[in-house]
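Engineer: After the structure tokens below, expect a handful of questions from me.
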Amino acid sequence: MAAQAMMEPMQREHHGIAAAETEQMDAETSEVAVSYQTLDLLQEHGIAANDIQKLNAAGFYTVESIAHATVRKLSEVKGISEAKVQKLKELVKTMVPMDFKTAADALVDCKALVTLTTGSIELDKLLEGGIETGSITEVFGEFRTGKTQLCHTLCVTCQMAVTEGGAEGKAIYIDTEGTFRPKRLQEIAERFGMDPAVALENVAYARAHNSEHQMELLKMAAAIMSQDRYALLVVDSATALFRTDYQGRGELSERQMQMAQFLRQLTRLAEEFGVAVFITNQVVANPDSMSFAKDQTKPIGGNIIAHASTTRLRLRKGRGENRICTVFDSPTLPEADAQFAVGPQGVCDATE
């Protein structure tokens with residue numbers, strides 16, 4: 001009895017420590033809580049495993065992707081009948097909130113969004129914290145303005161702790177121009193005091209060879225993101241392959257339609273997985289601009305890419321290694337400039 005009496009306070013103390021550890025773990029994981037539900041949850045509601053495999057093969061990996069898809073799109077999945085589509089739609093309605101909410105609730109959701117540091121203090125100030133997660137940010141400019149360097153820097157900073165300007169997640173990099181350099185990632189990781197080997201392991205890279213392959217890679221990206229915590233999806237560049245695969249005015253409407261589909265997929269991934277989608281874009285000479293205009297170039301893609309991107313940033317060359325970033329279009333950021341520099345260790349503060 002005496003031994004039992006001694007054991008009881010020890011057990012209470014042990015349970016107290018365990019409870020405290022659990023609370024601490026919950027607090028840590030709450031910062032990086034996933035924003036999606038995997039399709040495996042549908043098995044608990046009577047959806048067969050082979051039907052889930054068919055949906056996966058068609059590029060659907062989350063409950064949210066089913067909820068956001070049209071009935072017509074789901075009916076195109078091989079082996080899924082119209083009756084099953086209706087059953088799926090009714091089921092996911094109860095799992096994914098898709099009705100109205102108050103502006104106050106929307107504000108709370110906005111405050112919960114994480115931003116990724118760019119590596120430059122002034123650039124972060126311009127962007128009010130950095131690159132926003134859950135939406136598409138487009139950066140465009142001429143060659144050697146720092147677009148690809150910014151992509152590489154974000155691939156490392158997204159892995160850092162939330163308190164340090166990261167999102168504690170991995171990155172996916174889709175390269176269409178052959179400009180991806182793993183060595184640059186190592187140098188940037190060393191700058192931020194990270195293990196270069198670990199930083200490289202946390203970046204999934206793929207080289208897109210044509211616009212159709214580029215679309216296929218987004219399906220693969222969805223599969224990868226449904227299995228682990230990802231914070232960033234980079235496409236460098238989003239428009240280059242569409243520009244070469246579709247030529248002349250005769251194919252312009254087809255090009256714009258395919259590009260719109262690609263951008264819609266990117267928007268879907270940003271919303272489903274809460275990742276920051278960061279795309280680069282090329283520019284062309286603008287024949288409509290006056291000869292004395294400050295900038296005689298314009299981004300390609302027209303209104304299609306302009307409407308799809310939440311935030312649009314223009315980069316141009318400054319003095320020496322300095323670059324100038326201008327907020328071209330944003331629903332929240334004022335139009336302003338900021339200077340930054342490009343060095344061996346990625347994007348950093350501007351030099352005098």
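Chain labels A, B, ... are given in the sequence in which chains occur in the structure tokens; within each chain residues are numbered consecutively from 1, and ligands are likewise numbered from 1 in the order shown.
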Which residues are near Gln214 of chain A? Cut-off 12 Å, only C-alpha atoms, ignore same chain within fewer than 3 positions. Put them as a VMD selection string.

Structural biologist: chain A and resid 173 to 177 206 to 211 217 to 221 235 to 242 245 258 to 259 261 to 263 265 to 266

Engineer: Could the residues in this selection be saved with N, CA and C atoms as a CSV table (one decimal), in the first residue's frame?

Structural biologist:
chain,number,residue,atom,x,y,z
A,173,TYR,N,10.6,22.7,-57.6
A,173,TYR,CA,11.1,23.6,-58.6
A,173,TYR,C,10.9,23.0,-60.0
A,174,ILE,N,10.1,23.7,-60.8
A,174,ILE,CA,9.9,23.2,-62.2
A,174,ILE,C,10.7,24.2,-63.1
A,175,ASP,N,11.7,23.7,-63.8
A,175,ASP,CA,12.6,24.5,-64.6
A,175,ASP,C,12.3,24.2,-66.1
A,176,THR,N,12.0,25.3,-66.8
A,176,THR,CA,11.7,25.2,-68.2
A,176,THR,C,12.8,25.7,-69.1
A,177,GLU,N,13.8,26.4,-68.5
A,177,GLU,CA,14.8,27.0,-69.3
A,177,GLU,C,16.2,26.5,-69.0
A,206,ALA,N,12.4,19.3,-61.2
A,206,ALA,CA,12.1,18.6,-62.5
A,206,ALA,C,12.3,19.6,-63.7
A,207,ARG,N,12.8,19.1,-64.8
A,207,ARG,CA,13.0,19.9,-66.0
A,207,ARG,C,11.9,19.6,-66.9
A,208,ALA,N,11.1,20.6,-67.3
A,208,ALA,CA,10.0,20.5,-68.2
A,208,ALA,C,10.5,20.7,-69.7
A,209,HIS,N,10.2,19.8,-70.6
A,209,HIS,CA,10.7,19.8,-71.9
A,209,HIS,C,9.7,20.4,-73.0
A,210,ASN,N,8.4,20.4,-72.6
A,210,ASN,CA,7.4,21.0,-73.5
A,210,ASN,C,6.2,21.4,-72.6
A,211,SER,N,5.3,22.2,-73.2
A,211,SER,CA,4.2,22.7,-72.5
A,211,SER,C,3.3,21.6,-71.9
A,217,LEU,N,3.7,17.8,-65.1
A,217,LEU,CA,4.4,17.9,-63.8
A,217,LEU,C,3.6,18.5,-62.7
A,218,LEU,N,2.6,19.3,-63.0
A,218,LEU,CA,1.7,19.8,-62.0
A,218,LEU,C,0.9,18.7,-61.3
A,219,LYS,N,0.5,17.7,-62.1
A,219,LYS,CA,-0.1,16.5,-61.5
A,219,LYS,C,0.8,15.8,-60.5
A,220,MET,N,2.1,15.6,-60.9
A,220,MET,CA,3.1,15.0,-60.1
A,220,MET,C,3.3,15.8,-58.8
A,221,ALA,N,3.3,17.1,-59.0
A,221,ALA,CA,3.5,18.0,-57.9
A,221,ALA,C,2.4,17.9,-56.8
A,235,VAL,N,7.9,27.9,-60.7
A,235,VAL,CA,7.9,27.6,-62.1
A,235,VAL,C,8.7,28.7,-62.8
A,236,ASP,N,9.9,28.3,-63.3
A,236,ASP,CA,10.8,29.3,-63.9
A,236,ASP,C,11.2,28.8,-65.3
A,237,SER,N,10.6,29.3,-66.4
A,237,SER,CA,9.6,30.3,-66.4
A,237,SER,C,8.3,29.6,-66.8
A,238,ALA,N,7.1,30.3,-66.4
A,238,ALA,CA,5.8,29.7,-66.6
A,238,ALA,C,5.4,29.8,-68.1
A,239,THR,N,6.0,30.8,-68.8
A,239,THR,CA,5.5,31.1,-70.2
A,239,THR,C,6.4,30.7,-71.3
A,240,ALA,N,7.7,30.4,-71.0
A,240,ALA,CA,8.7,30.1,-72.1
A,240,ALA,C,8.3,29.0,-73.1
A,241,LEU,N,7.8,27.9,-72.6
A,241,LEU,CA,7.5,26.7,-73.4
A,241,LEU,C,6.2,27.0,-74.2
A,242,PHE,N,5.2,27.7,-73.6
A,242,PHE,CA,4.0,28.0,-74.4
A,242,PHE,C,4.4,28.9,-75.5
A,245,ASP,N,6.0,26.6,-78.2
A,245,ASP,CA,5.2,25.5,-78.7
A,245,ASP,C,4.0,26.0,-79.6
A,258,GLN,N,-4.5,27.1,-73.3
A,258,GLN,CA,-3.7,26.1,-72.6
A,258,GLN,C,-3.0,26.8,-71.4
A,259,MET,N,-2.5,28.0,-71.6
A,259,MET,CA,-1.9,28.8,-70.5
A,259,MET,C,-2.8,29.0,-69.4
A,261,GLN,N,-5.4,27.2,-68.6
A,261,GLN,CA,-5.5,25.9,-67.9
A,261,GLN,C,-4.4,25.7,-66.9
A,262,PHE,N,-3.2,25.9,-67.3
A,262,PHE,CA,-2.0,25.8,-66.5
A,262,PHE,C,-2.0,26.7,-65.3
A,263,LEU,N,-2.4,27.9,-65.5
A,263,LEU,CA,-2.5,28.9,-64.4
A,263,LEU,C,-3.6,28.6,-63.4
A,265,GLN,N,-4.5,25.5,-62.7
A,265,GLN,CA,-4.0,24.4,-61.9
A,265,GLN,C,-3.1,25.0,-60.8
A,266,LEU,N,-2.3,26.0,-61.1
A,266,LEU,CA,-1.4,26.6,-60.1
A,266,LEU,C,-2.2,27.3,-59.0

Engineer: Quick one: residues within 9 Å of segment 126-134 of chain A, only C-alpha atoms, excluding same-chain residues fewer than 5 positions away - as a ChimeraX atom specification?

Structural biologist: /A:113-119,121,154,165,167,231-232,267,269-278,311,325-327,333-334,336-338

Engineer: Segment 149-217 of chain A: which residues are helix (DSSP H, G or I) by DSSP, as a VMD selection string?

Structural biologist: chain A and resid 149 to 157 162 to 164 182 to 191 196 to 201 211 to 217

Engineer: What is the atom CA of Tyr205 of chain A to atom CA of Ile52 of chain A distance in Å?

Structural biologist: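 Computing the Euclidean distance for atom CA of Tyr205 of chain A and atom CA of Ile52 of chain A yields 26.7 Å.
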
Engineer: As an exercise, work out the distance from atom CA of Ile188 of chain A to atom CA of Val203 of chain A in Å and give it to one decimal place.

Structural biologist: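 According to the coordinates, atom CA of Ile188 of chain A and atom CA of Val203 of chain A are separated by 13.1 Å.
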
Engineer: Counting only C-alpha atoms, which of A:Ala260, A:Leu185, A:Ala112, A:Val234 gets nearest to Cys151 of chain A?

Structural biologist: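 Selected residue with least distance to Cys151 of chain A: A:Val234.
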